[in-house]
file upload_8.txt (compact mmCIF, N, CA and C atoms and all ligand atoms)
# COMPACT_ATOMS: atom_id res chain seq x y z
N MET V 1 -0.43 -2.63 -17.45
CA MET V 1 -1.79 -2.90 -16.97
C MET V 1 -2.15 -1.99 -15.79
N TYR V 2 -3.40 -1.78 -15.62
CA TYR V 2 -3.90 -0.85 -14.63
C TYR V 2 -5.16 -1.44 -13.99
N HIS V 3 -5.16 -1.55 -12.68
CA HIS V 3 -6.36 -2.05 -11.98
C HIS V 3 -6.73 -1.05 -10.90
N ARG V 4 -8.02 -0.79 -10.79
CA ARG V 4 -8.51 0.09 -9.73
C ARG V 4 -9.55 -0.71 -8.96
N ILE V 5 -9.25 -0.97 -7.69
CA ILE V 5 -10.10 -1.87 -6.90
C ILE V 5 -10.72 -1.09 -5.75
N LEU V 6 -12.02 -1.18 -5.62
CA LEU V 6 -12.73 -0.53 -4.52
C LEU V 6 -12.43 -1.28 -3.22
N ILE V 7 -12.00 -0.54 -2.19
CA ILE V 7 -11.67 -1.17 -0.91
C ILE V 7 -12.65 -0.67 0.16
N LYS V 8 -13.49 -1.62 0.55
CA LYS V 8 -14.58 -1.27 1.45
C LYS V 8 -14.70 -2.30 2.57
N LYS V 9 -14.41 -3.53 2.24
CA LYS V 9 -14.52 -4.62 3.22
C LYS V 9 -13.32 -5.55 3.07
N GLU V 10 -13.13 -6.41 4.07
CA GLU V 10 -11.92 -7.23 4.09
C GLU V 10 -11.77 -8.11 2.84
N GLN V 11 -12.89 -8.59 2.33
CA GLN V 11 -12.87 -9.41 1.11
C GLN V 11 -12.17 -8.69 -0.06
N ASP V 12 -12.33 -7.37 -0.09
CA ASP V 12 -11.74 -6.59 -1.19
C ASP V 12 -10.21 -6.66 -1.18
N ILE V 13 -9.63 -6.90 0.02
CA ILE V 13 -8.17 -7.03 0.11
C ILE V 13 -7.72 -8.24 -0.71
N LEU V 14 -8.51 -9.31 -0.63
CA LEU V 14 -8.15 -10.52 -1.37
C LEU V 14 -8.22 -10.29 -2.87
N THR V 15 -9.20 -9.50 -3.29
CA THR V 15 -9.31 -9.17 -4.71
C THR V 15 -8.05 -8.41 -5.16
N ALA V 16 -7.65 -7.43 -4.37
CA ALA V 16 -6.46 -6.64 -4.71
C ALA V 16 -5.21 -7.53 -4.74
N ILE V 17 -5.09 -8.42 -3.76
CA ILE V 17 -3.92 -9.30 -3.69
C ILE V 17 -3.89 -10.24 -4.90
N SER V 18 -5.06 -10.74 -5.26
CA SER V 18 -5.08 -11.67 -6.37
C SER V 18 -4.72 -10.97 -7.69
N LEU V 19 -5.17 -9.73 -7.87
CA LEU V 19 -4.78 -8.98 -9.07
C LEU V 19 -3.28 -8.68 -9.07
N ALA V 20 -2.75 -8.41 -7.87
CA ALA V 20 -1.31 -8.16 -7.77
C ALA V 20 -0.52 -9.41 -8.18
N TYR V 21 -0.98 -10.58 -7.73
CA TYR V 21 -0.30 -11.82 -8.13
C TYR V 21 -0.31 -11.98 -9.64
N THR V 22 -1.43 -11.66 -10.27
CA THR V 22 -1.51 -11.75 -11.74
C THR V 22 -0.47 -10.83 -12.36
N GLU V 23 -0.37 -9.61 -11.84
CA GLU V 23 0.58 -8.64 -12.41
C GLU V 23 2.03 -9.01 -12.13
N MET V 24 2.27 -9.78 -11.05
CA MET V 24 3.65 -10.13 -10.69
C MET V 24 4.14 -11.38 -11.40
N SER V 25 3.20 -12.12 -12.03
CA SER V 25 3.66 -13.31 -12.76
C SER V 25 4.40 -12.81 -14.00
N ASN V 26 5.38 -13.56 -14.42
CA ASN V 26 6.22 -13.15 -15.55
C ASN V 26 6.94 -11.82 -15.32
N THR V 27 7.33 -11.57 -14.07
CA THR V 27 8.19 -10.43 -13.76
C THR V 27 9.46 -10.98 -13.10
N PRO V 28 10.52 -10.16 -13.04
CA PRO V 28 11.74 -10.64 -12.39
C PRO V 28 11.72 -10.55 -10.86
N TYR V 29 10.59 -10.24 -10.26
CA TYR V 29 10.55 -10.16 -8.78
C TYR V 29 10.95 -11.49 -8.15
N SER V 30 11.73 -11.40 -7.08
CA SER V 30 12.04 -12.59 -6.29
C SER V 30 10.83 -12.91 -5.42
N MET V 31 10.86 -14.09 -4.83
CA MET V 31 9.76 -14.49 -3.94
C MET V 31 9.60 -13.49 -2.80
N SER V 32 10.71 -13.02 -2.21
CA SER V 32 10.57 -12.12 -1.06
C SER V 32 10.08 -10.74 -1.51
N GLU V 33 10.44 -10.31 -2.70
CA GLU V 33 9.91 -9.04 -3.20
C GLU V 33 8.40 -9.14 -3.41
N LYS V 34 7.96 -10.28 -3.92
CA LYS V 34 6.51 -10.48 -4.10
C LYS V 34 5.79 -10.43 -2.75
N GLN V 35 6.42 -11.07 -1.75
CA GLN V 35 5.81 -11.06 -0.42
C GLN V 35 5.73 -9.64 0.13
N GLN V 36 6.76 -8.85 -0.11
CA GLN V 36 6.75 -7.47 0.38
C GLN V 36 5.63 -6.67 -0.27
N ILE V 37 5.38 -6.93 -1.54
CA ILE V 37 4.30 -6.23 -2.24
C ILE V 37 2.94 -6.65 -1.68
N ILE V 38 2.79 -7.93 -1.41
CA ILE V 38 1.51 -8.42 -0.87
C ILE V 38 1.26 -7.84 0.53
N VAL V 39 2.30 -7.83 1.36
CA VAL V 39 2.14 -7.26 2.71
C VAL V 39 1.80 -5.78 2.61
N THR V 40 2.44 -5.08 1.69
CA THR V 40 2.17 -3.66 1.50
C THR V 40 0.71 -3.42 1.11
N ILE V 41 0.24 -4.18 0.15
CA ILE V 41 -1.16 -4.01 -0.27
C ILE V 41 -2.09 -4.28 0.89
N SER V 42 -1.79 -5.33 1.63
CA SER V 42 -2.63 -5.68 2.77
C SER V 42 -2.64 -4.56 3.81
N GLU V 43 -1.47 -3.99 4.12
CA GLU V 43 -1.40 -2.91 5.12
C GLU V 43 -2.14 -1.66 4.65
N LEU V 44 -1.96 -1.30 3.37
CA LEU V 44 -2.62 -0.09 2.87
C LEU V 44 -4.14 -0.27 2.83
N CYS V 45 -4.58 -1.46 2.46
CA CYS V 45 -6.03 -1.72 2.43
C CYS V 45 -6.61 -1.73 3.84
N LYS V 46 -5.90 -2.34 4.78
CA LYS V 46 -6.39 -2.38 6.17
C LYS V 46 -6.49 -0.96 6.71
N ASN V 47 -5.55 -0.12 6.36
CA ASN V 47 -5.61 1.27 6.83
C ASN V 47 -6.86 1.97 6.29
N ILE V 48 -7.18 1.72 5.03
CA ILE V 48 -8.40 2.33 4.48
C ILE V 48 -9.61 1.82 5.26
N ILE V 49 -9.67 0.51 5.45
CA ILE V 49 -10.87 -0.08 6.07
C ILE V 49 -10.99 0.31 7.55
N PHE V 50 -9.86 0.26 8.28
CA PHE V 50 -9.97 0.45 9.73
C PHE V 50 -9.69 1.86 10.22
N HIS V 51 -9.02 2.67 9.43
CA HIS V 51 -8.67 4.00 9.94
C HIS V 51 -9.36 5.15 9.22
N SER V 52 -9.73 4.97 7.93
CA SER V 52 -10.17 6.15 7.17
C SER V 52 -11.63 6.51 7.47
N TYR V 53 -12.40 5.56 7.99
CA TYR V 53 -13.84 5.76 8.18
C TYR V 53 -14.50 6.12 6.85
N SER V 54 -14.00 5.47 5.80
CA SER V 54 -14.50 5.74 4.45
C SER V 54 -14.07 4.54 3.60
N SER V 55 -14.57 4.44 2.42
CA SER V 55 -14.00 3.44 1.51
C SER V 55 -12.91 4.13 0.70
N GLY V 56 -12.25 3.36 -0.11
CA GLY V 56 -11.19 3.94 -0.92
C GLY V 56 -10.89 3.06 -2.11
N TYR V 57 -9.79 3.35 -2.75
CA TYR V 57 -9.38 2.57 -3.93
C TYR V 57 -7.92 2.19 -3.80
N VAL V 58 -7.61 1.03 -4.34
CA VAL V 58 -6.22 0.69 -4.54
C VAL V 58 -6.00 0.58 -6.05
N VAL V 59 -4.97 1.26 -6.53
CA VAL V 59 -4.64 1.19 -7.95
C VAL V 59 -3.32 0.44 -8.09
N ILE V 60 -3.31 -0.55 -8.95
CA ILE V 60 -2.09 -1.31 -9.23
C ILE V 60 -1.69 -1.04 -10.67
N GLU V 61 -0.49 -0.52 -10.84
CA GLU V 61 -0.02 -0.18 -12.19
C GLU V 61 1.32 -0.86 -12.45
N LYS V 62 1.45 -1.37 -13.63
CA LYS V 62 2.72 -1.99 -14.01
C LYS V 62 3.55 -0.95 -14.77
N LEU V 63 4.71 -0.62 -14.21
CA LEU V 63 5.63 0.32 -14.86
C LEU V 63 6.77 -0.49 -15.48
N ASN V 64 7.61 0.16 -16.25
CA ASN V 64 8.78 -0.55 -16.81
C ASN V 64 9.72 -1.00 -15.70
N ILE V 65 9.74 -0.23 -14.60
CA ILE V 65 10.72 -0.51 -13.54
C ILE V 65 10.16 -1.37 -12.41
N GLY V 66 8.85 -1.62 -12.42
CA GLY V 66 8.27 -2.43 -11.35
C GLY V 66 6.78 -2.12 -11.22
N LEU V 67 6.25 -2.33 -10.01
CA LEU V 67 4.82 -2.05 -9.78
C LEU V 67 4.66 -0.79 -8.96
N ARG V 68 3.62 -0.03 -9.27
CA ARG V 68 3.23 1.10 -8.44
C ARG V 68 1.87 0.77 -7.82
N ILE V 69 1.80 0.97 -6.49
CA ILE V 69 0.55 0.74 -5.76
C ILE V 69 0.13 2.08 -5.16
N SER V 70 -1.08 2.49 -5.43
CA SER V 70 -1.60 3.72 -4.83
C SER V 70 -2.85 3.37 -4.03
N ALA V 71 -2.92 3.90 -2.83
CA ALA V 71 -4.09 3.68 -1.97
C ALA V 71 -4.68 5.05 -1.67
N ILE V 72 -5.92 5.24 -2.08
CA ILE V 72 -6.52 6.57 -2.02
C ILE V 72 -7.88 6.48 -1.33
N ASP V 73 -8.06 7.31 -0.31
CA ASP V 73 -9.39 7.36 0.32
C ASP V 73 -9.76 8.81 0.58
N SER V 74 -11.02 9.01 0.86
CA SER V 74 -11.46 10.38 1.16
C SER V 74 -11.96 10.45 2.59
N GLY V 75 -11.26 9.73 3.46
CA GLY V 75 -11.67 9.63 4.85
C GLY V 75 -11.11 10.71 5.76
N VAL V 76 -10.92 10.35 7.03
CA VAL V 76 -10.60 11.35 8.06
C VAL V 76 -9.19 11.94 7.95
N GLY V 77 -8.31 11.24 7.23
CA GLY V 77 -6.96 11.78 7.09
C GLY V 77 -6.08 11.48 8.30
N ILE V 78 -4.81 11.80 8.19
CA ILE V 78 -3.84 11.54 9.25
C ILE V 78 -3.41 12.89 9.84
N ALA V 79 -3.58 13.02 11.14
CA ALA V 79 -3.29 14.31 11.78
C ALA V 79 -1.80 14.63 11.71
N SER V 80 -0.96 13.65 12.05
CA SER V 80 0.48 13.92 12.00
C SER V 80 1.20 12.88 11.16
N ILE V 81 1.43 13.21 9.92
CA ILE V 81 2.14 12.28 9.04
C ILE V 81 3.53 12.02 9.59
N GLU V 82 4.15 13.08 10.15
CA GLU V 82 5.51 12.94 10.67
C GLU V 82 5.59 11.84 11.73
N ASN V 83 4.62 11.84 12.65
CA ASN V 83 4.61 10.80 13.68
C ASN V 83 4.46 9.41 13.08
N VAL V 84 3.60 9.32 12.09
CA VAL V 84 3.34 8.02 11.46
C VAL V 84 4.61 7.51 10.78
N ILE V 85 5.28 8.42 10.07
CA ILE V 85 6.50 8.04 9.35
C ILE V 85 7.61 7.66 10.33
N ASN V 86 7.66 8.36 11.45
CA ASN V 86 8.70 8.07 12.43
C ASN V 86 8.30 6.94 13.38
N GLY V 87 7.15 6.35 13.13
CA GLY V 87 6.74 5.19 13.91
C GLY V 87 6.25 5.53 15.30
N VAL V 88 5.84 6.77 15.54
CA VAL V 88 5.27 7.13 16.84
C VAL V 88 3.85 6.56 16.88
N LYS V 89 3.61 5.73 17.86
CA LYS V 89 2.36 4.98 17.87
C LYS V 89 1.15 5.86 18.21
N ASN V 90 0.10 5.71 17.43
CA ASN V 90 -1.17 6.36 17.72
C ASN V 90 -1.81 5.62 18.90
N PRO V 91 -2.04 6.30 20.04
CA PRO V 91 -2.55 5.62 21.23
C PRO V 91 -3.94 5.00 21.01
N ASN V 92 -4.66 5.47 20.01
CA ASN V 92 -5.99 4.92 19.75
C ASN V 92 -5.97 3.69 18.84
N SER V 93 -4.81 3.41 18.29
CA SER V 93 -4.76 2.32 17.32
C SER V 93 -4.61 0.98 18.01
N LYS V 94 -5.33 -0.02 17.50
CA LYS V 94 -5.20 -1.38 18.03
C LYS V 94 -4.03 -2.11 17.35
N GLY V 95 -3.55 -1.54 16.27
CA GLY V 95 -2.45 -2.18 15.53
C GLY V 95 -1.12 -1.94 16.22
N LEU V 96 -0.06 -2.49 15.64
CA LEU V 96 1.26 -2.33 16.22
C LEU V 96 1.87 -0.98 15.85
N GLY V 97 1.23 -0.27 14.93
CA GLY V 97 1.75 1.02 14.51
C GLY V 97 2.97 0.89 13.61
N LEU V 98 3.18 -0.31 13.08
CA LEU V 98 4.35 -0.52 12.23
C LEU V 98 4.00 -0.58 10.76
N GLY V 99 2.71 -0.47 10.47
CA GLY V 99 2.25 -0.65 9.10
C GLY V 99 2.97 0.24 8.10
N LEU V 100 2.80 1.55 8.22
CA LEU V 100 3.34 2.45 7.21
C LEU V 100 4.86 2.56 7.27
N THR V 101 5.42 2.47 8.48
CA THR V 101 6.90 2.49 8.55
C THR V 101 7.47 1.24 7.90
N GLY V 102 6.79 0.12 8.12
CA GLY V 102 7.22 -1.13 7.47
C GLY V 102 7.11 -1.04 5.96
N VAL V 103 6.01 -0.48 5.50
CA VAL V 103 5.78 -0.32 4.06
C VAL V 103 6.89 0.55 3.47
N ARG V 104 7.20 1.61 4.18
CA ARG V 104 8.22 2.53 3.68
C ARG V 104 9.58 1.83 3.55
N THR V 105 9.88 0.98 4.51
CA THR V 105 11.15 0.25 4.47
C THR V 105 11.19 -0.77 3.33
N MET V 106 10.04 -1.39 3.09
CA MET V 106 10.02 -2.47 2.09
C MET V 106 10.02 -1.95 0.65
N MET V 107 9.50 -0.73 0.47
CA MET V 107 9.33 -0.22 -0.89
C MET V 107 10.51 0.66 -1.31
N ASP V 108 10.65 0.90 -2.60
CA ASP V 108 11.74 1.73 -3.12
C ASP V 108 11.32 3.19 -3.27
N PHE V 109 10.03 3.40 -3.39
CA PHE V 109 9.51 4.77 -3.46
C PHE V 109 8.30 4.82 -2.54
N PHE V 110 8.18 5.89 -1.76
CA PHE V 110 7.09 6.01 -0.79
C PHE V 110 6.69 7.47 -0.71
N GLU V 111 5.44 7.75 -0.94
CA GLU V 111 4.95 9.13 -0.84
C GLU V 111 3.59 9.10 -0.16
N ILE V 112 3.39 10.01 0.77
CA ILE V 112 2.10 10.05 1.46
C ILE V 112 1.61 11.50 1.51
N GLU V 113 0.34 11.64 1.25
CA GLU V 113 -0.30 12.95 1.28
C GLU V 113 -1.57 12.76 2.08
N SER V 114 -1.80 13.63 3.07
CA SER V 114 -3.01 13.47 3.85
C SER V 114 -3.37 14.78 4.50
N GLN V 115 -4.65 14.98 4.65
CA GLN V 115 -5.11 16.19 5.32
C GLN V 115 -6.22 15.79 6.27
N THR V 116 -6.26 16.40 7.43
CA THR V 116 -7.33 16.10 8.37
C THR V 116 -8.67 16.33 7.69
N GLN V 117 -9.47 15.31 7.71
CA GLN V 117 -10.79 15.29 7.05
C GLN V 117 -10.71 15.39 5.53
N GLY V 118 -9.50 15.35 5.00
CA GLY V 118 -9.35 15.52 3.55
C GLY V 118 -8.87 14.28 2.82
N GLY V 119 -8.86 13.16 3.52
CA GLY V 119 -8.45 11.92 2.84
C GLY V 119 -6.96 11.69 2.86
N THR V 120 -6.59 10.51 2.40
CA THR V 120 -5.19 10.07 2.44
C THR V 120 -4.84 9.41 1.11
N LYS V 121 -3.64 9.70 0.66
CA LYS V 121 -3.14 9.08 -0.56
C LYS V 121 -1.74 8.57 -0.29
N VAL V 122 -1.54 7.29 -0.47
CA VAL V 122 -0.21 6.71 -0.30
C VAL V 122 0.19 6.10 -1.64
N ILE V 123 1.35 6.50 -2.14
CA ILE V 123 1.84 5.96 -3.40
C ILE V 123 3.17 5.28 -3.14
N VAL V 124 3.28 4.02 -3.52
CA VAL V 124 4.55 3.31 -3.34
C VAL V 124 4.93 2.62 -4.64
N GLU V 125 6.22 2.39 -4.79
CA GLU V 125 6.69 1.61 -5.93
C GLU V 125 7.71 0.59 -5.45
N LYS V 126 7.64 -0.58 -6.04
CA LYS V 126 8.67 -1.60 -5.80
C LYS V 126 9.35 -1.86 -7.13
N TRP V 127 10.63 -1.54 -7.18
CA TRP V 127 11.36 -1.66 -8.43
C TRP V 127 11.97 -3.05 -8.57
N TYR V 128 12.14 -3.49 -9.79
CA TYR V 128 12.81 -4.77 -10.03
C TYR V 128 14.27 -4.64 -9.65
N SER V 129 14.75 -5.58 -8.84
CA SER V 129 16.17 -5.52 -8.49
C SER V 129 16.97 -6.40 -9.45
N ARG V 130 16.28 -7.27 -10.14
CA ARG V 130 16.97 -8.13 -11.11
C ARG V 130 16.51 -7.72 -12.51
N THR V 131 17.35 -7.94 -13.49
CA THR V 131 16.94 -7.58 -14.85
C THR V 131 15.97 -8.63 -15.38
N PRO V 132 14.97 -8.19 -16.14
CA PRO V 132 14.01 -9.14 -16.67
C PRO V 132 14.71 -10.18 -17.55
N SER V 133 14.29 -11.42 -17.43
CA SER V 133 14.89 -12.44 -18.29
C SER V 133 14.40 -12.22 -19.72
N ARG V 134 15.27 -12.44 -20.67
CA ARG V 134 14.88 -12.19 -22.06
C ARG V 134 13.89 -13.23 -22.53
N THR V 135 12.96 -12.79 -23.33
CA THR V 135 11.99 -13.73 -23.88
C THR V 135 12.71 -14.61 -24.91
N VAL V 136 12.55 -15.89 -24.75
CA VAL V 136 13.17 -16.80 -25.71
C VAL V 136 12.22 -16.98 -26.88
N THR V 137 12.75 -16.71 -28.06
CA THR V 137 11.86 -16.81 -29.24
C THR V 137 12.20 -18.04 -30.06
N1 LIG A 201 -5.92 5.73 5.33
C1 LIG A 201 -5.85 6.28 6.55
N2 LIG A 201 -6.81 7.15 6.97
C2 LIG A 201 -6.72 7.71 8.20
N3 LIG A 201 -5.75 7.45 9.10
C3 LIG A 201 -4.79 6.58 8.75
C4 LIG A 201 -4.78 5.95 7.46
N4 LIG A 201 -3.69 5.16 7.39
C5 LIG A 201 -3.06 5.28 8.56
N5 LIG A 201 -3.71 6.14 9.39
C6 LIG A 201 -3.29 6.56 10.74
O1 LIG A 201 -1.91 6.33 10.86
C7 LIG A 201 -1.65 5.46 11.95
C8 LIG A 201 -0.50 4.55 11.64
O2 LIG A 201 -0.84 3.64 10.62
P1 LIG A 201 0.00 2.32 10.49
O3 LIG A 201 1.43 2.71 10.40
O4 LIG A 201 -0.55 1.50 9.36
O5 LIG A 201 -0.20 1.57 11.88
P2 LIG A 201 -1.51 0.86 12.49
O6 LIG A 201 -2.48 0.66 11.34
O7 LIG A 201 -0.98 -0.44 13.01
O8 LIG A 201 -2.03 1.79 13.53
C9 LIG A 201 -2.97 4.73 12.19
O9 LIG A 201 -3.06 4.29 13.52
C10 LIG A 201 -3.98 5.78 11.84
O10 LIG A 201 -4.17 6.66 12.91
MG MG A 202 -1.98 -0.01 9.49

call {"tool": "encode", "arguments": {"input": "upload_8.txt", "output": "structure tokens"}}
result
Amino acid sequence: MYHRILIKKEQDILTAISLAYTEMSNTPYSMSEKQQIIVTISELCKNIIFHSYSSGYVVIEKLNIGLRISAIDSGVGIASIENVINGVKNPNSKGLGLGLTGVRTMMDFFEIESQTQGGTKVIVEKWYSRTPSRTVT
């Protein structure tokens, strides 16, 4: 399944979270893995709303190995990805500056692409750590 959700206002985060819950039902994710995915979606959406100065999209895709979440905006971009990844706090940010570093720790795959004034794309995947239970026929 594939969902593309417009992220413009805080309400849209709830839409994305609710679609993620639908996609996570009938998967082998543990409760804590589901929570990590929800926190990740929330952090990526908040970054679009509060930092990009633009709207964006969150794409939720179901892969054989787990879920892929992509957050894409065409906003101001991140000046120093290295600082963000290493958790160096942006002095202008009201947040704790732990969002993306936390996301990176929680996810199994993490990729970020950003250019000043050229938008930001974050792609993450959370893989199933348990094997899917067999369908009983
Ligand atoms: N989508 C984005 N567009 C522009 N800048 C971003 C985006 N996401 C993150 N940033 C920048 O990276 C910094 C770190 O983000 P994050 O780790 O989520 O921490 P926080 O949101 O708490 O500041 C932000 O303060 C912001 O400057
Ligand atoms: Mg953030």

call {"tool": "closest_atom_pairs", "arguments": {"input": "upload_8.txt", "of": "chain V", "to": "ligand MG 202 (chain A)", "cutoff": "8 Å", "atoms": "all atoms listed in the file", "output": "Markdown table"}}
result
| residue | atom | partner | partner_atom | distance |
| --- | --- | --- | --- | --- |
| V:Ser42 | C | A:MG202 | MG | 7.3 |
| V:Glu43 | C | A:MG202 | MG | 5.1 |
| V:Leu44 | N | A:MG202 | MG | 6.3 |
| V:Cys45 | C | A:MG202 | MG | 7.5 |
| V:Lys46 | C | A:MG202 | MG | 5.4 |
| V:Asn47 | CA | A:MG202 | MG | 4.7 |
| V:Ile48 | N | A:MG202 | MG | 7.1 |
| V:Phe50 | C | A:MG202 | MG | 8.0 |
| V:His51 | N | A:MG202 | MG | 7.5 |
| V:Gly95 | CA | A:MG202 | MG | 6.4 |
| V:Leu96 | N | A:MG202 | MG | 6.9 |
| V:Gly97 | N | A:MG202 | MG | 6.3 |
| V:Leu98 | C | A:MG202 | MG | 6.1 |
| V:Gly99 | CA | A:MG202 | MG | 4.3 |
| V:Leu100 | N | A:MG202 | MG | 5.2 |
| V:Thr101 | N | A:MG202 | MG | 7.9 |

call {"tool": "write_last_selection", "arguments": {"input": "upload_8.txt", "atoms": "N, CA and C atoms", "output": "mmCIF file, in the coordinates of the input"}}
result
data_model
loop_
_atom_site.group_PDB
_atom_site.id
_atom_site.type_symbol
_atom_site.label_atom_id
_atom_site.label_comp_id
_atom_site.auth_asym_id
_atom_site.auth_seq_id
_atom_site.Cartn_x
_atom_site.Cartn_y
_atom_site.Cartn_z
ATOM 1 N N SER V 42 -1.790 -5.330 1.630
ATOM 2 C CA SER V 42 -2.630 -5.680 2.770
ATOM 3 C C SER V 42 -2.640 -4.560 3.810
ATOM 4 N N GLU V 43 -1.470 -3.990 4.120
ATOM 5 C CA GLU V 43 -1.400 -2.910 5.120
ATOM 6 C C GLU V 43 -2.140 -1.660 4.650
ATOM 7 N N LEU V 44 -1.960 -1.300 3.370
ATOM 8 C CA LEU V 44 -2.620 -0.090 2.870
ATOM 9 C C LEU V 44 -4.140 -0.270 2.830
ATOM 10 N N CYS V 45 -4.580 -1.460 2.460
ATOM 11 C CA CYS V 45 -6.030 -1.720 2.430
ATOM 12 C C CYS V 45 -6.610 -1.730 3.840
ATOM 13 N N LYS V 46 -5.900 -2.340 4.780
ATOM 14 C CA LYS V 46 -6.390 -2.380 6.170
ATOM 15 C C LYS V 46 -6.490 -0.960 6.710
ATOM 16 N N ASN V 47 -5.550 -0.120 6.360
ATOM 17 C CA ASN V 47 -5.610 1.270 6.830
ATOM 18 C C ASN V 47 -6.860 1.970 6.290
ATOM 19 N N ILE V 48 -7.180 1.720 5.030
ATOM 20 C CA ILE V 48 -8.400 2.330 4.480
ATOM 21 C C ILE V 48 -9.610 1.820 5.260
ATOM 22 N N PHE V 50 -9.860 0.260 8.280
ATOM 23 C CA PHE V 50 -9.970 0.450 9.730
ATOM 24 C C PHE V 50 -9.690 1.860 10.220
ATOM 25 N N HIS V 51 -9.020 2.670 9.430
ATOM 26 C CA HIS V 51 -8.670 4.000 9.940
ATOM 27 C C HIS V 51 -9.360 5.150 9.220
ATOM 28 N N GLY V 95 -3.550 -1.540 16.270
ATOM 29 C CA GLY V 95 -2.450 -2.180 15.530
ATOM 30 C C GLY V 95 -1.120 -1.940 16.220
ATOM 31 N N LEU V 96 -0.060 -2.490 15.640
ATOM 32 C CA LEU V 96 1.260 -2.330 16.220
ATOM 33 C C LEU V 96 1.870 -0.980 15.850
ATOM 34 N N GLY V 97 1.230 -0.270 14.930
ATOM 35 C CA GLY V 97 1.750 1.020 14.510
ATOM 36 C C GLY V 97 2.970 0.890 13.610
ATOM 37 N N LEU V 98 3.180 -0.310 13.080
ATOM 38 C CA LEU V 98 4.350 -0.520 12.230
ATOM 39 C C LEU V 98 4.000 -0.580 10.760
ATOM 40 N N GLY V 99 2.710 -0.470 10.470
ATOM 41 C CA GLY V 99 2.250 -0.650 9.100
ATOM 42 C C GLY V 99 2.970 0.240 8.100
ATOM 43 N N LEU V 100 2.800 1.550 8.220
ATOM 44 C CA LEU V 100 3.340 2.450 7.210
ATOM 45 C C LEU V 100 4.860 2.560 7.270
ATOM 46 N N THR V 101 5.420 2.470 8.480
ATOM 47 C CA THR V 101 6.900 2.490 8.550
ATOM 48 C C THR V 101 7.470 1.240 7.900
#

call {"tool": "closest_residue", "arguments": {"input": "upload_8.txt", "among": "V:Thr105, V:Ser114, V:Ser70, V:Ile49", "to": "V:Glu10", "atoms": "all atoms listed in the file"}}
result
V:Ile49

call {"tool": "atom_distance", "arguments": {"input": "upload_8.txt", "atom1": "atom C2 of ligand LIG 201 (chain A)", "atom2": "atom C of V:Gln36"}}
result
20.8 Å

call {"tool": "closest_residue", "arguments": {"input": "upload_8.txt", "among": "V:Glu61, V:Ile41, V:Glu113, V:Gly77", "to": "V:Ile13", "atoms": "only N, CA and C atoms"}}
result
V:Ile41

call {"tool": "atom_distance", "arguments": {"input": "upload_8.txt", "atom1": "atom N of V:Val124", "atom2": "atom C of V:Phe109"}}
result
5.2 Å

call {"tool": "select_by_dssp", "arguments": {"input": "upload_8.txt", "residues": "stretch 20-137 of chain V", "states": "strand (DSSP E)", "output": "JSON, numbers by chain"}}
result
{"V": [56, 57, 58, 59, 60, 61, 62, 66, 67, 68, 69, 70, 71, 72, 73, 109, 110, 111, 112, 113, 114, 115, 119, 120, 121, 122, 123, 124, 125, 126, 127]}

call {"tool": "closest_residue", "arguments": {"input": "upload_8.txt", "among": "V:Ser74, V:Ser80, V:Thr131, V:Ser52", "to": "ligand LIG 201 (chain A)", "atoms": "only N, CA and C atoms and all ligand atoms"}}
result
V:Ser52

call {"tool": "atom_distance", "arguments": {"input": "upload_8.txt", "atom1": "atom C10 of ligand LIG 201 (chain A)", "atom2": "atom CA of V:Asn90"}}
result
6.5 Å

call {"tool": "select_by_dssp", "arguments": {"input": "upload_8.txt", "residues": "stretch 9-126 of chain V", "states": "helix (DSSP H, G or I)", "output": "ChimeraX atom specification"}}
result
/V:10-24,31-51,81-85,99-106

call {"tool": "residues_near_point", "arguments": {"input": "upload_8.txt", "point": "(-14.8, 1.8, -1.3)", "cutoff": "7 Å", "atoms": "only C-alpha atoms", "output": "PyMOL selection string"}}
result
chain V and resi 6-8+54-57

call {"tool": "closest_residue", "arguments": {"input": "upload_8.txt", "among": "V:Ile112, V:Val84, V:Met1, V:Leu67", "to": "V:Lys126", "atoms": "only C-alpha atoms"}}
result
V:Leu67

call {"tool": "closest_residue", "arguments": {"input": "upload_8.txt", "among": "V:Ile85, V:Val39, V:Ile123, V:Met107", "to": "ligand LIG 201 (chain A)", "atoms": "all atoms listed in the file"}}
result
V:Ile85

call {"tool": "residues_around", "arguments": {"input": "upload_8.txt", "residues": "V:Gln115", "least_positions_apart": "6", "cutoff": "6.5 Å", "atoms": "all atoms listed in the file", "output": "VMD selection string"}}
result
chain V and resid 76 to 79

call {"tool": "write_last_selection", "arguments": {"input": "upload_8.txt", "atoms": "N, CA and C atoms", "output": "PDB file, in the frame of the given file"}}
result
ATOM      1  N   VAL V  76     -10.920  10.350   7.030  1.00  0.00           N
ATOM      2  CA  VAL V  76     -10.600  11.350   8.060  1.00  0.00           C
ATOM      3  C   VAL V  76      -9.190  11.940   7.950  1.00  0.00           C
ATOM      4  N   GLY V  77      -8.310  11.240   7.230  1.00  0.00           N
ATOM      5  CA  GLY V  77      -6.960  11.780   7.090  1.00  0.00           C
ATOM      6  C   GLY V  77      -6.080  11.480   8.300  1.00  0.00           C
ATOM      7  N   ILE V  78      -4.810  11.800   8.190  1.00  0.00           N
ATOM      8  CA  ILE V  78      -3.840  11.540   9.250  1.00  0.00           C
ATOM      9  C   ILE V  78      -3.410  12.890   9.840  1.00  0.00           C
ATOM     10  N   ALA V  79      -3.580  13.020  11.140  1.00  0.00           N
ATOM     11  CA  ALA V  79      -3.290  14.310  11.780  1.00  0.00           C
ATOM     12  C   ALA V  79      -1.800  14.630  11.710  1.00  0.00           C
TER      13      ALA V  79
END

call {"tool": "decode", "arguments": {"input": "upload_8.txt", "residues": "stretch 56-65 of chain V", "atoms": "C-alpha atoms", "output": "mmCIF file, in the first residue's frame"}}
result
data_model
loop_
_atom_site.group_PDB
_atom_site.id
_atom_site.type_symbol
_atom_site.label_atom_id
_atom_site.label_comp_id
_atom_site.auth_asym_id
_atom_site.auth_seq_id
_atom_site.Cartn_x
_atom_site.Cartn_y
_atom_site.Cartn_z
ATOM 1 C CA GLY V 56 5.255 18.989 2.161
ATOM 2 C CA TYR V 57 4.240 15.373 1.836
ATOM 3 C CA VAL V 58 4.639 12.273 3.867
ATOM 4 C CA VAL V 59 4.610 9.020 1.927
ATOM 5 C CA ILE V 60 3.946 5.751 3.739
ATOM 6 C CA GLU V 61 4.828 2.605 1.832
ATOM 7 C CA LYS V 62 4.549 -0.986 2.891
ATOM 8 C CA LEU V 63 7.577 -3.032 1.826
ATOM 9 C CA ASN V 64 8.142 -6.757 2.310
ATOM 10 C CA ILE V 65 10.635 -5.946 5.062
#
